[in-house]
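Colleague: Contents are compact mmCIF, C-alpha atoms; file name my_file_37.txt:
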```txt
# COMPACT_ATOMS: atom_id res chain seq x y z
CA MET A 591 203.11 80.96 117.33
CA PHE A 592 200.17 80.69 119.71
CA LYS A 593 198.09 82.98 117.56
CA ARG A 594 198.82 80.81 114.50
CA PHE A 595 197.70 77.61 116.31
CA LYS A 596 194.57 79.39 117.42
CA ASN A 597 193.72 80.32 113.83
CA LEU A 598 194.30 76.74 112.59
CA PHE A 599 192.06 75.39 115.34
CA LEU A 600 189.27 77.76 114.28
CA VAL A 601 189.66 76.61 110.65
CA MET A 602 189.43 72.90 111.60
CA ALA A 603 186.35 73.53 113.73
CA ILE A 604 184.60 75.35 110.91
CA LEU A 605 185.44 72.56 108.41
CA GLY A 606 183.98 69.97 110.83
CA LEU A 607 180.72 71.86 111.06
CA ILE A 608 180.47 72.10 107.28
CA PHE A 609 181.06 68.38 106.87
CA THR A 610 178.33 67.36 109.36
CA THR A 611 175.70 69.67 107.91
CA SER A 612 176.39 68.60 104.30
CA TYR A 613 176.05 64.85 104.92
CA SER A 614 173.10 64.85 107.32
CA GLY A 615 170.52 65.77 104.55
CA PRO A 616 171.18 62.80 102.17
CA VAL A 617 170.98 60.27 105.00
CA LYS A 618 167.52 61.53 106.00
CA GLU A 619 166.29 61.42 102.34
CA ILE A 620 167.42 57.78 101.93
CA GLN A 621 165.64 56.76 105.09
CA SER A 622 162.30 58.35 103.95
CA ILE A 623 162.41 56.61 100.52
CA GLU A 624 162.90 53.19 102.06
CA GLU A 625 159.98 53.69 104.41
CA TYR A 626 157.74 54.84 101.52
CA SER A 627 158.55 51.75 99.34
CA ALA A 628 157.86 49.39 102.24
CA GLN A 629 154.38 50.77 102.64
CA VAL A 630 153.51 50.61 98.89
CA LEU A 631 154.86 47.11 98.19
CA GLY A 632 154.48 43.87 100.09
CA ASP A 633 156.53 42.85 102.99
CA GLU A 634 158.52 39.91 101.57
CA GLU A 635 157.95 40.03 97.76
CA GLU A 636 158.39 43.65 97.68
CA ASP A 637 161.53 43.18 99.63
CA ALA A 638 162.79 40.44 97.24
CA GLU A 639 161.80 42.00 93.93
CA ASP A 640 162.39 45.57 94.63
CA THR A 641 165.58 45.30 96.54
CA SER A 642 167.40 46.01 93.37
CA GLN A 643 165.25 48.98 92.71
CA THR A 644 165.47 50.17 96.18
CA ILE A 645 169.16 49.61 96.05
CA VAL A 646 169.68 51.09 92.58
CA MET A 647 167.49 54.09 92.79
CA PRO A 648 168.77 55.28 96.09
CA LYS A 649 172.31 54.60 94.96
CA VAL A 650 171.84 56.77 91.91
CA LYS A 651 170.20 59.35 94.00
CA LYS A 652 172.93 59.03 96.58
CA VAL A 653 175.63 59.36 93.99
CA GLU A 654 174.00 62.34 92.43
CA LYS A 655 173.35 63.80 95.79
CA LYS A 656 176.89 63.00 96.91
CA GLU A 657 178.34 64.72 93.84
CA ASP A 658 176.10 67.72 94.45
CA VAL A 659 177.00 67.59 98.08
CA LYS A 660 180.66 67.39 97.20
CA LYS A 661 180.33 70.37 94.90
CA GLU A 662 178.39 72.27 97.49
CA THR A 663 180.85 71.29 100.19
CA GLU A 664 183.78 72.26 98.02
CA VAL A 665 182.15 75.61 97.25
CA LYS A 666 181.32 76.07 100.90
CA LYS A 667 184.82 75.01 101.89
CA GLU A 668 186.37 77.45 99.46
CA ALA A 669 183.98 80.17 100.67
CA LYS A 670 184.74 79.30 104.24
CA LYS A 671 188.45 79.19 103.48
CA GLU A 672 188.23 82.61 101.90
CA GLU A 673 186.20 83.85 104.84
CA ILE A 674 188.72 82.33 107.21
CA LYS A 675 191.59 83.83 105.23
CA GLU A 676 189.86 87.20 105.31
CA GLU A 677 189.24 86.81 109.03
CA VAL A 678 192.85 85.78 109.55
CA LYS A 679 193.98 88.74 107.48
CA LYS A 680 191.72 91.01 109.49
CA GLU A 681 192.98 89.58 112.73
CA THR A 682 196.58 89.85 111.60
CA LYS A 683 195.89 93.41 110.51
CA LYS A 684 194.24 94.13 113.84
CA GLU A 685 197.15 92.56 115.65
CA ALA A 686 199.58 94.48 113.47
CA VAL A 687 197.62 97.63 114.12
CA LYS A 688 197.63 96.83 117.83
CA GLU A 689 201.30 95.95 117.78
CA GLU A 690 202.31 99.08 115.86
CA PRO A 691 201.12 101.53 118.51
CA LYS A 692 202.63 99.25 121.11
CA LYS A 693 205.92 99.32 119.23
CA LYS A 694 205.57 103.06 118.77
CA GLU A 695 204.81 103.44 122.44
CA GLU A 696 207.77 101.22 123.31
CA VAL A 697 209.96 103.20 120.92
CA LYS A 698 208.62 106.40 122.38
CA LYS A 699 209.17 105.10 125.87
CA GLU A 700 212.68 104.02 124.99
CA SER A 701 213.34 107.31 123.25
CA VAL A 702 211.81 109.13 126.18
CA LYS A 703 213.96 107.08 128.52
CA GLU A 704 217.03 107.56 126.36
CA GLU A 705 216.44 111.27 125.90
CA PRO A 706 216.60 112.14 129.61
CA LYS A 707 219.52 109.76 129.92
CA LYS A 708 221.24 111.53 127.06
CA LYS A 709 220.26 114.86 128.54
CA GLU A 710 221.54 113.77 131.92
CA GLU A 711 224.76 112.51 130.32
CA VAL A 712 225.10 115.76 128.39
CA LYS A 713 224.42 117.70 131.60
CA LYS A 714 226.95 115.61 133.48
CA GLU A 715 229.51 116.06 130.72
CA SER A 716 228.84 119.79 130.62
CA GLU A 717 229.06 119.99 134.40
CA VAL A 718 232.28 117.99 134.39
CA LYS A 719 233.68 120.23 131.67
CA ALA A 720 232.60 123.30 133.60
CA VAL A 721 234.19 121.94 136.77
CA LYS A 722 237.37 121.07 134.87
CA GLU A 723 237.45 124.53 133.33
CA GLU A 724 236.84 126.09 136.73
CA VAL A 725 239.58 123.92 138.17
CA LYS A 726 241.90 124.69 135.28
CA LYS A 727 241.33 128.43 135.50
CA PRO A 728 242.70 128.82 139.02
CA GLU A 729 245.42 126.32 138.16
CA LYS A 730 246.33 128.44 135.15
CA ILE A 731 246.18 131.54 137.28
CA GLU A 732 248.21 129.84 139.99
CA THR A 733 250.70 128.49 137.48
CA LYS A 734 251.02 131.95 135.95
CA GLU A 735 251.52 133.46 139.39
CA VAL A 736 253.97 130.71 140.31
CA LYS A 737 255.84 131.26 137.06
CA LYS A 738 255.95 134.99 137.72
CA VAL A 739 257.23 134.36 141.25
CA GLU A 740 259.79 131.88 139.96
CA GLU A 741 260.90 134.28 137.26
CA GLU A 742 261.15 137.06 139.82
CA LYS A 743 263.15 134.76 142.07
CA LYS A 744 265.40 133.84 139.17
CA THR A 745 265.95 137.48 138.29
CA GLU A 746 266.52 138.25 141.95
CA THR A 747 268.98 135.41 142.32
CA LYS A 748 270.76 136.72 139.27
CA ASN A 749 270.82 140.21 140.68
CA LEU A 750 271.01 139.52 144.41
CA ALA A 751 274.16 138.68 146.30
CA LEU A 752 274.83 134.98 146.05
CA GLU A 753 278.53 135.33 145.45
CA GLU A 754 279.50 132.52 147.79
CA PRO A 755 278.46 129.04 146.63
CA GLU A 756 277.02 126.73 149.26
CA ASN A 757 279.41 124.09 150.60
CA PRO A 758 277.54 122.08 153.26
CA GLU A 759 280.28 119.45 153.59
CA LYS A 760 282.89 122.01 154.58
CA ASP A 761 280.36 123.94 156.65
CA LYS A 762 279.61 120.84 158.75
CA GLN A 763 283.20 119.69 158.83
CA LYS A 764 284.73 119.60 162.32
CA TYR A 765 287.95 121.58 162.31
CA GLU A 766 290.72 121.34 164.84
CA MET A 767 290.41 124.00 167.51
CA ILE A 768 293.67 125.86 168.13
CA THR A 769 294.38 128.06 171.13
CA TYR A 770 296.12 131.40 170.59
CA TYR A 771 297.12 134.09 173.09
CA SER A 772 297.18 137.80 172.51
CA LYS A 773 299.80 140.10 173.99
CA ASP A 774 297.53 140.94 176.90
CA GLY A 775 297.23 137.23 177.74
CA VAL A 776 293.63 136.70 176.49
CA GLU A 777 292.99 133.21 175.20
CA TRP A 778 291.61 132.87 171.68
CA VAL A 779 290.32 129.40 170.76
CA LEU A 780 289.70 129.40 167.03
CA PRO A 781 289.06 126.69 164.40
CA ASP A 782 291.82 125.87 161.96
CA ASN A 783 289.84 126.94 158.89
CA PHE A 784 291.33 130.28 157.87
CA ARG A 785 294.65 131.74 156.72
CA ALA A 786 294.95 134.97 158.66
CA VAL A 787 293.12 137.22 161.11
CA LEU A 788 293.56 140.65 162.67
CA VAL A 789 291.50 142.57 165.26
CA GLY A 790 292.22 146.23 166.05
CA ASP A 791 290.71 149.60 166.90
CA LEU A 792 290.79 152.83 164.85
CA ASN A 793 293.86 154.06 166.66
CA GLY A 794 296.05 151.37 165.18
CA ASN A 795 296.05 149.19 168.28
CA VAL A 796 296.10 145.57 167.20
CA ILE A 797 294.36 143.42 169.82
CA PHE A 798 294.91 140.04 168.23
CA SER A 799 296.38 138.79 164.94
CA LYS A 800 297.61 135.73 163.07
CA ASN A 801 299.74 135.94 159.90
CA ALA A 802 299.06 139.69 159.82
CA ASP A 803 301.97 140.50 157.50
CA THR A 804 301.65 137.71 154.92
CA MET A 805 300.50 138.63 151.41
CA TYR A 806 297.28 136.96 150.24
CA PRO A 807 295.04 137.38 147.20
CA LEU A 808 292.49 140.08 147.97
CA ALA A 809 289.66 139.19 145.58
CA SER A 810 286.81 141.74 145.83
CA VAL A 811 288.29 143.41 148.91
CA THR A 812 290.26 145.24 146.18
CA LYS A 813 287.10 147.26 145.50
CA VAL A 814 287.56 149.16 148.78
CA MET A 815 290.36 151.15 147.17
CA SER A 816 288.44 151.52 143.90
CA LEU A 817 285.57 153.15 145.75
CA LEU A 818 287.86 155.38 147.81
CA VAL A 819 289.45 156.70 144.61
CA THR A 820 285.99 157.29 143.14
CA PHE A 821 284.82 159.24 146.19
CA ASP A 822 288.04 161.24 146.10
CA GLU A 823 287.05 162.42 142.63
CA ILE A 824 283.49 163.13 143.81
CA ASN A 825 284.74 165.04 146.86
CA ALA A 826 287.11 166.99 144.61
CA GLY A 827 284.15 168.04 142.47
CA ASN A 828 285.49 166.38 139.34
CA ILE A 829 282.49 164.11 139.06
CA SER A 830 279.10 163.74 140.77
CA LEU A 831 277.00 160.89 142.12
CA ASN A 832 274.30 161.97 139.68
CA ASP A 833 276.51 161.74 136.61
CA SER A 834 275.27 159.60 133.74
CA VAL A 835 277.67 156.86 132.73
CA ARG A 836 277.37 155.21 129.33
CA ILE A 837 278.30 151.53 129.40
CA SER A 838 280.96 150.50 126.87
CA LYS A 839 282.14 147.05 125.75
CA THR A 840 284.96 146.97 128.32
CA PRO A 841 282.89 146.12 131.45
CA LEU A 842 281.12 143.34 129.56
CA LYS A 843 284.37 141.40 129.11
CA TYR A 844 284.70 140.46 132.76
CA GLY A 845 282.79 137.65 134.41
CA GLY A 846 282.17 136.72 137.98
CA SER A 847 279.74 138.70 140.07
CA GLY A 848 277.88 141.30 138.05
CA ILE A 849 274.61 143.03 137.27
CA ALA A 850 272.75 143.01 133.95
CA LEU A 851 274.62 145.45 131.71
CA LYS A 852 274.39 146.13 127.98
CA GLU A 853 276.53 148.27 125.77
CA GLY A 854 275.04 151.73 125.34
CA GLN A 855 273.00 151.66 128.57
CA ILE A 856 273.04 154.79 130.70
CA PHE A 857 273.54 154.31 134.46
CA VAL A 858 273.68 156.92 137.19
CA LEU A 859 277.11 156.81 138.85
CA GLU A 860 275.60 156.31 142.31
CA ASP A 861 273.82 153.16 141.10
CA LEU A 862 277.11 151.76 139.81
CA ILE A 863 278.76 152.57 143.16
CA LYS A 864 275.98 150.73 145.00
CA ALA A 865 276.34 147.75 142.67
CA SER A 866 280.07 147.66 143.43
CA ALA A 867 279.96 148.36 147.18
CA VAL A 868 276.85 146.31 148.07
CA TYR A 869 276.65 143.59 145.47
CA SER A 870 280.35 143.52 144.55
CA ALA A 871 279.53 143.68 140.83
CA ASN A 872 282.71 143.38 138.77
CA ASN A 873 281.26 144.86 135.59
CA ALA A 874 279.88 147.86 137.48
CA THR A 875 283.33 148.39 139.05
CA TYR A 876 284.97 148.33 135.61
CA ALA A 877 282.37 150.82 134.34
CA ILE A 878 283.28 153.13 137.26
CA ALA A 879 286.99 152.66 136.60
CA GLU A 880 286.59 153.50 132.93
CA TYR A 881 284.51 156.59 133.72
CA VAL A 882 286.73 157.89 136.55
CA GLY A 883 289.87 156.97 134.60
CA GLU A 884 288.62 159.12 131.72
CA GLY A 885 288.16 156.17 129.41
CA SER A 886 291.14 154.14 130.66
CA VAL A 887 291.04 151.37 133.29
CA PHE A 888 294.87 151.53 133.52
CA ASN A 889 294.69 155.21 134.47
CA PHE A 890 292.25 154.30 137.21
CA VAL A 891 294.50 151.53 138.61
CA ALA A 892 297.34 154.06 138.58
CA LYS A 893 295.24 156.31 140.81
CA MET A 894 294.64 153.37 143.16
CA ASN A 895 298.37 152.72 143.57
CA LYS A 896 299.03 156.44 143.95
CA LYS A 897 296.67 156.56 146.92
CA LEU A 898 298.42 153.50 148.40
CA LYS A 899 301.61 155.53 148.51
CA GLN A 900 299.78 158.44 150.08
CA LEU A 901 298.59 156.11 152.84
CA GLY A 902 302.00 154.46 153.15
CA LEU A 903 300.58 151.07 152.19
CA GLN A 904 302.57 150.46 149.01
CA ASN A 905 304.46 147.63 150.71
CA ASP A 906 301.33 146.04 152.16
CA ILE A 907 299.05 146.06 149.10
CA LYS A 908 299.62 145.68 145.35
CA TYR A 909 296.90 146.63 142.86
CA HIS A 910 296.74 145.55 139.23
CA THR A 911 292.98 145.64 138.56
CA PRO A 912 290.02 147.63 139.90
CA ALA A 913 287.90 144.61 140.92
CA GLY A 914 290.31 141.94 142.26
CA LEU A 915 289.50 139.24 139.72
CA PRO A 916 292.07 136.45 139.42
CA THR A 917 294.75 136.30 136.73
CA ARG A 918 292.85 133.69 134.70
CA ASN A 919 290.18 136.34 134.07
CA THR A 920 292.24 139.49 133.74
CA LYS A 921 295.57 138.20 132.34
CA MET A 922 297.10 140.55 134.92
CA PRO A 923 299.02 139.79 138.15
CA MET A 924 296.92 139.00 141.22
CA ASP A 925 295.81 141.86 143.47
CA GLU A 926 297.36 141.06 146.85
CA GLY A 927 297.63 142.49 150.34
CA THR A 928 298.35 141.72 153.96
CA PRO A 929 295.76 141.63 156.74
CA ARG A 930 297.57 144.55 158.30
CA GLY A 931 297.40 146.54 155.08
CA ILE A 932 293.65 145.85 154.74
CA TYR A 933 293.15 146.80 158.38
CA LYS A 934 294.80 150.17 157.82
CA LEU A 935 292.91 150.70 154.56
CA SER A 936 289.65 149.95 156.40
CA ILE A 937 290.44 152.60 158.99
CA GLU A 938 290.82 155.04 156.09
CA ALA A 939 287.55 153.87 154.55
CA LEU A 940 285.58 154.72 157.69
CA LYS A 941 286.41 158.36 157.02
CA TYR A 942 284.30 158.22 153.82
CA HIS A 943 280.87 158.51 155.34
CA LYS A 944 278.90 158.29 152.13
CA TYR A 945 280.79 155.18 151.13
CA ILE A 946 280.26 153.53 154.55
CA GLU A 947 276.60 154.48 154.40
CA ILE A 948 276.25 152.66 151.08
CA ALA A 949 278.40 149.73 152.24
CA GLY A 950 276.01 149.20 155.17
CA ILE A 951 272.91 148.78 152.95
CA LYS A 952 271.44 145.29 153.26
CA ASN A 953 269.05 145.45 150.29
CA THR A 954 268.30 148.06 147.66
CA LYS A 955 267.17 148.65 144.09
CA ILE A 956 269.00 150.46 141.34
CA TYR A 957 268.45 151.42 137.71
CA ASN A 958 265.00 152.92 138.36
CA GLY A 959 264.04 149.96 140.55
CA LYS A 960 264.65 147.40 137.80
CA ILE A 961 267.62 145.71 139.48
CA SER A 962 267.51 144.41 143.06
CA ILE A 963 270.75 143.90 144.95
CA ARG A 964 271.59 142.48 148.35
CA ASN A 965 274.70 142.91 150.41
CA ARG A 966 277.21 140.10 150.15
CA ASN A 967 278.21 140.84 153.73
CA HIS A 968 275.69 138.62 155.52
CA LEU A 969 276.79 139.98 158.91
CA ILE A 970 275.42 143.47 158.30
CA GLY A 971 273.25 144.50 161.23
CA GLU A 972 274.40 141.61 163.40
CA ASP A 973 276.38 142.21 166.63
CA GLY A 974 277.07 145.82 165.62
CA VAL A 975 278.49 144.97 162.15
CA TYR A 976 277.98 147.78 159.61
CA GLY A 977 280.62 147.23 156.88
CA ILE A 978 282.83 146.99 154.96
CA LYS A 979 283.63 144.49 152.19
CA THR A 980 283.78 140.80 151.34
CA GLY A 981 285.82 139.00 148.70
CA PHE A 982 286.04 135.58 147.11
CA HIS A 983 287.62 133.60 144.34
CA LYS A 984 289.20 130.14 144.38
CA GLU A 985 292.73 131.36 144.88
CA ALA A 986 291.81 133.87 147.57
CA LYS A 987 289.13 131.77 149.29
CA TYR A 988 286.82 133.79 151.56
CA ASN A 989 287.97 137.22 152.74
CA ILE A 990 286.22 139.93 154.73
CA THR A 991 286.96 143.23 156.42
CA VAL A 992 284.32 144.13 159.02
CA ALA A 993 283.58 147.35 160.90
CA VAL A 994 281.98 146.68 164.29
CA LYS A 995 280.48 148.94 166.92
CA PHE A 996 281.64 147.67 170.29
CA GLU A 997 280.57 149.51 173.44
CA GLY A 998 280.61 152.83 171.62
CA ILE A 999 283.89 152.44 169.76
CA ASP A 1000 284.70 151.12 166.27
CA LEU A 1001 286.72 147.99 165.73
CA ILE A 1002 288.04 146.37 162.55
CA ILE A 1003 288.14 142.60 162.06
CA VAL A 1004 289.95 141.20 159.03
CA VAL A 1005 289.69 137.52 158.07
CA MET A 1006 291.45 136.09 155.04
CA GLY A 1007 291.34 132.64 153.43
CA GLY A 1008 288.23 131.19 155.07
CA GLU A 1009 287.12 127.78 153.84
CA THR A 1010 283.50 128.85 153.21
CA TYR A 1011 281.59 132.06 153.67
CA LYS A 1012 279.73 130.48 156.59
CA THR A 1013 282.87 129.35 158.41
CA ARG A 1014 284.37 132.79 157.74
CA ASP A 1015 281.30 134.54 159.16
CA ASP A 1016 281.22 132.15 162.12
CA LEU A 1017 284.84 133.03 162.83
CA VAL A 1018 283.87 136.72 162.97
CA ARG A 1019 281.05 135.86 165.38
CA THR A 1020 283.46 133.86 167.55
CA ILE A 1021 285.86 136.82 167.66
CA ILE A 1022 283.07 139.24 168.63
CA ALA A 1023 281.89 136.83 171.34
CA ASN A 1024 285.44 136.57 172.71
CA LEU A 1025 285.70 140.36 172.74
CA LYS A 1026 282.48 140.62 174.74
CA GLU A 1027 283.69 138.01 177.18
CA ASN A 1028 287.16 139.38 177.79
CA TYR A 1029 287.15 143.12 176.96
CA THR A 1030 285.43 146.33 177.85
CA VAL A 1031 285.80 150.00 176.90
CA ARG A 1032 287.06 152.68 179.25
CA ASN A 1033 287.67 156.25 178.18
CA GLY A 1034 287.38 155.20 174.56
CA GLN A 1035 290.01 152.52 174.94
CA LEU A 1036 289.54 148.78 174.65
CA ILE A 1037 290.98 147.07 177.70
CA ARG A 1038 290.95 143.61 179.19
CA LYS A 1039 288.33 142.98 181.85
```
If you convert what's in this file into C-alpha cells, what do you get?
Modeller:
Amino acid sequence: MFKRFKNLFLVMAILGLIFTTSYSGPVKEIQSIEEYSAQVLGDEEEDAEDTSQTIVMPKVKKVEKKEDVKKETEVKKEAKKEEIKEEVKKETKKEAVKEEPKKKEEVKKESVKEEPKKKEEVKKESEVKAVKEEVKKPEKIETKEVKKVEEEKKTETKNLALEEPENPEKDKQKYEMITYYSKDGVEWVLPDNFRAVLVGDLNGNVIFSKNADTMYPLASVTKVMSLLVTFDEINAGNISLNDSVRISKTPLKYGGSGIALKEGQIFVLEDLIKASAVYSANNATYAIAEYVGEGSVFNFVAKMNKKLKQLGLQNDIKYHTPAGLPTRNTKMPMDEGTPRGIYKLSIEALKYHKYIEIAGIKNTKIYNGKISIRNRNHLIGEDGVYGIKTGFHKEAKYNITVAVKFEGIDLIIVVMGGETYKTRDDLVRTIIANLKENYTVRNGQLIRK
C-alpha cells in the first residue's frame, strides 16, 4: 500500500508542474501586448476607444492560446501519464524482480531449514527404530530363551516326580500330638495325622509300631514286589537289563504317574525299571509286567503272589495289579497290605542290591537322555535315608517304606495313610530324631540309651 501511495504522489507532483509551466506563457504574452498598446495610443482616449480592441484581441488570442495550451497540456498529460505508467510498470517490475529473489531466498531458507529438520526427524526416527529393533532383538532372544526354559520346565515337570499334590492347608494344620510308649518304655510323641507306623531292624525286631497288622491300600508301594519279581527273572538269566522292550497298547491304558510312552517305542528294560523304581511310573511298570509275564499282565501278578507265599506274606499282602492303582482305574480289587507285611517285604528288598542302588537314585535320565526323572522319595540322602518306595492315591493317602542307615546298621520305617507327603515325611524325620535321642547301637543291636 505504501508503494502505491508513493506512486500516486509522484503522479500528482508531475501534473502540478505541467500545469504551472503551461499557463505561465500566455499570461506573460497578454501583459506585453497591453504595454505595447499603451505606448502607441494615448493615455485616456486610447484607453476608452481601444479597450474593446485590447479586450477583444487578447481574448481571442487568449482563447486560441488556451485551446492550444489545453491541447498541449492534454498531450503532455497523456505523455506524462504514459511515462508515469511506464515508470510505475518498471518500478513494479523492479520490485517484483527484487521480491522474487527474496521469495526464492525465503523459500530456499525455509526449504533449507525444513530439510535439516526433516533430515533430523528422519535420523531420529531411524535411530528410534534402530533402538527399538536393538531392544526387541534381546527381548526376542530373551523371550525365546524364556520359552525354551519354560518348555523344558514343563517337560521336566511332566517327567519329574511330582506325584504328591501340594496341600498347604493340611501341611500347616496343627494336629493333636499323641504320646505312645514302646515296649522298652521309650516315649514317642507323634502327631495324629497318619494311619499306621512301624520301626524295626533287619533282624525282625520291631522297635515301635501302631496299627501294624491292619490292612491298608498300598498304592505304589505295590511296585516293590513287581521289581523284586523282575530282578528274580534277571538273576535267573531269563531276561537282561539290556533287553529291548517294545511298548504295546496295554501300558497306555493306565493313568496316574507315568512317563511319555507311545505304542511301538523301544525301551531298554533297565530304563523301564528306573522309571518304575525312581519315578513310580505306572505305564512303565505295566510294560515291565507285560514283558516279564510273557505278554500277560495276569501271569506277572501271579508271579507276585507266588513270591508272597515263598516269603510267608500271603496273609499280610494281597496283590491284584502290578502298580497299585485303585479299583476305579483298574476295575480290579485294591492291592492291600499291613505295615508289618511291608516291613518284612522291605527287609527282603534290601537283599536286591541292584534294585536298592536304583531306588536310591535322586535324579537321572533315561531313553537316551530324552526323559528326566526324579525320585518321589524326597527323603533320599537325608538322615541316612537311601530307599525304598513311596505310594499315593486318594484311598491309600500317603505311604512310604524307608531304609535308613543308623549308626552302622539298617533300619526300616513304614508309614501308611499320611495326610500329605510333607506331613508323612515330617513324621519320618520325627521318628529318626527320636531314635537318635533315645537309642544307640551296640554289637550291631539297637538298644535304649
Colleague: At what distance in Å, to one decimal, does CA of Tyr881 in chain A lie from CA of Lys955 in chain A?
Modeller: 21.7 Å
Colleague: As a compact mmCIF listing (two decimals) with C-alpha atoms, keeping the file's coordinate frame, please: the residues near range 928-936 of chain A (cut-off 7 Å, only C-alpha atoms, same-chain neighbours under 2 positions excluded).
Modeller:
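In the end it all went to part_32.txt:
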```txt
# COMPACT_ATOMS: atom_id res chain seq x y z
CA ALA A 786 294.95 134.97 158.66
CA VAL A 787 293.12 137.22 161.11
CA LEU A 788 293.56 140.65 162.67
CA ALA A 802 299.06 139.69 159.82
CA ASP A 803 301.97 140.50 157.50
CA THR A 804 301.65 137.71 154.92
CA MET A 805 300.50 138.63 151.41
CA TYR A 806 297.28 136.96 150.24
CA LEU A 903 300.58 151.07 152.19
CA ASP A 906 301.33 146.04 152.16
CA ILE A 907 299.05 146.06 149.10
CA GLU A 938 290.82 155.04 156.09
CA ALA A 939 287.55 153.87 154.55
CA LEU A 940 285.58 154.72 157.69
CA ILE A 1002 288.04 146.37 162.55
CA VAL A 1004 289.95 141.20 159.03
```
Colleague: Quick one: residues within 10 Å of Ser834 in chain A, all atoms listed in the file, excluding same-chain residues fewer than 6 positions away - as an mmCIF file with C-alpha atoms, keeping the file's coordinate frame?
Modeller:
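Writing the result to part_29.cif gives the following:
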```cif
data_model
loop_
_atom_site.group_PDB
_atom_site.id
_atom_site.type_symbol
_atom_site.label_atom_id
_atom_site.label_comp_id
_atom_site.auth_asym_id
_atom_site.auth_seq_id
_atom_site.Cartn_x
_atom_site.Cartn_y
_atom_site.Cartn_z
ATOM 1 C CA GLN A 855 273.000 151.660 128.570
ATOM 2 C CA ILE A 856 273.040 154.790 130.700
ATOM 3 C CA PHE A 857 273.540 154.310 134.460
ATOM 4 C CA VAL A 858 273.680 156.920 137.190
ATOM 5 C CA LEU A 859 277.110 156.810 138.850
ATOM 6 C CA GLU A 860 275.600 156.310 142.310
ATOM 7 C CA ASP A 861 273.820 153.160 141.100
ATOM 8 C CA TYR A 881 284.510 156.590 133.720
#
```
Colleague: How far is it from CA of Lys760 in chain A to CA of Asn873 in chain A, in Å with one decimal?
Modeller: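 Computed distance, CA of Lys760 in chain A to CA of Asn873 in chain A, equals 29.8 Å.
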Colleague: Could you please determine the separation between CA of Lys960 in chain A and CA of Glu947 in chain A in Å, to one decimal place?
Modeller: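 Rounded to one decimal, the two atoms are 21.6 Å apart.
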Colleague: May I have the protein, DNA and RNA residues with any atom at most 12 Å from the point (290.9, 139.5, 139.4), counting only C-alpha atoms, written as a PyMOL selection string?
Modeller: chain A and resi 807-813+844-847+872-873+875-876+909-926+981-986
Colleague: Hey, what's within 7 Å of Asp761 in chain A if we count only C-alpha atoms and toss same-chain stuff fewer than 4 positions away? As a list in words, please?
Modeller: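 Selected residues are Asn757, Thr1010, Lys1012 and Thr1013 of chain A.
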Colleague: Let me make sure I understand: among A:Arg836, A:Arg1019, A:Lys773, A:Lys897, which one has the smallest atom-to-atom distance to Val994 in chain A if we use only C-alpha atoms?
Modeller: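 Using only C-alpha atoms, Val994 in chain A sits closest to A:Arg1019.
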Colleague: Out of A:Asn801, A:Ser772, A:Ser866, A:Thr840, which residue has the shortest atom-to-atom distance to Gly927 in chain A when counting only C-alpha atoms?
Modeller: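 Once distances to Gly927 in chain A are computed over only C-alpha atoms, the minimum belongs to A:Asn801.
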Colleague: Restricting the calculation to only C-alpha atoms: of A:Gln904, A:Ser816, A:Asn825, A:Ser886, which residue gets closest to Ala874 in chain A?
Modeller: A:Ser816
Colleague: Skip range 1025-1034 of chain A itself and residues of its chain fewer than 4 positions away, then list as number ranges by chain all residues within 9 Å of it, counting only C-alpha atoms.
Modeller: A: 776-777, 996-999, 1020-1021, 1038-1039
Colleague: Compare A:Ala892, A:Val887, A:Ala865, A:Ile990 by their minimum atom-to-atom distance to Ile951 in chain A, counting only C-alpha atoms, and give me the closest one.
Modeller: A:Ala865
Colleague: Place N, CA and C atoms on range 906-916 of chain A and deliver the coordinates as a PDB file, keeping the file's coordinate frame.
Modeller:
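Result file result.pdb:
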```
ATOM      1  N   ASP A 906     302.313 146.981 151.600  1.00  0.00           N
ATOM      2  CA  ASP A 906     301.330 146.040 152.160  1.00  0.00           C
ATOM      3  C   ASP A 906     300.285 145.581 151.137  1.00  0.00           C
ATOM      4  N   ILE A 907     300.092 146.370 150.097  1.00  0.00           N
ATOM      5  CA  ILE A 907     299.050 146.060 149.100  1.00  0.00           C
ATOM      6  C   ILE A 907     299.591 146.347 147.710  1.00  0.00           C
ATOM      7  N   LYS A 908     299.242 145.488 146.753  1.00  0.00           N
ATOM      8  CA  LYS A 908     299.620 145.680 145.350  1.00  0.00           C
ATOM      9  C   LYS A 908     298.350 145.562 144.489  1.00  0.00           C
ATOM     10  N   TYR A 909     298.080 146.638 143.723  1.00  0.00           N
ATOM     11  CA  TYR A 909     296.900 146.630 142.860  1.00  0.00           C
ATOM     12  C   TYR A 909     297.299 146.518 141.394  1.00  0.00           C
ATOM     13  N   HIS A 910     296.555 145.689 140.677  1.00  0.00           N
ATOM     14  CA  HIS A 910     296.740 145.550 139.230  1.00  0.00           C
ATOM     15  C   HIS A 910     295.424 145.674 138.465  1.00  0.00           C
ATOM     16  N   THR A 911     294.320 145.536 139.177  1.00  0.00           N
ATOM     17  CA  THR A 911     292.980 145.640 138.560  1.00  0.00           C
ATOM     18  C   THR A 911     292.061 146.402 139.513  1.00  0.00           C
ATOM     19  N   PRO A 912     290.938 146.903 139.013  1.00  0.00           N
ATOM     20  CA  PRO A 912     290.020 147.630 139.900  1.00  0.00           C
ATOM     21  C   PRO A 912     289.077 146.736 140.699  1.00  0.00           C
ATOM     22  N   ALA A 913     288.940 145.449 140.304  1.00  0.00           N
ATOM     23  CA  ALA A 913     287.900 144.610 140.920  1.00  0.00           C
ATOM     24  C   ALA A 913     288.450 143.414 141.696  1.00  0.00           C
ATOM     25  N   GLY A 914     289.727 143.046 141.511  1.00  0.00           N
ATOM     26  CA  GLY A 914     290.310 141.940 142.260  1.00  0.00           C
ATOM     27  C   GLY A 914     290.085 140.568 141.656  1.00  0.00           C
ATOM     28  N   LEU A 915     289.682 140.540 140.381  1.00  0.00           N
ATOM     29  CA  LEU A 915     289.500 139.240 139.720  1.00  0.00           C
ATOM     30  C   LEU A 915     290.838 138.522 139.572  1.00  0.00           C
ATOM     31  N   PRO A 916     290.809 137.184 139.515  1.00  0.00           N
ATOM     32  CA  PRO A 916     292.070 136.450 139.420  1.00  0.00           C
ATOM     33  C   PRO A 916     292.727 136.577 138.039  1.00  0.00           C
TER      34      PRO A 916
END
```
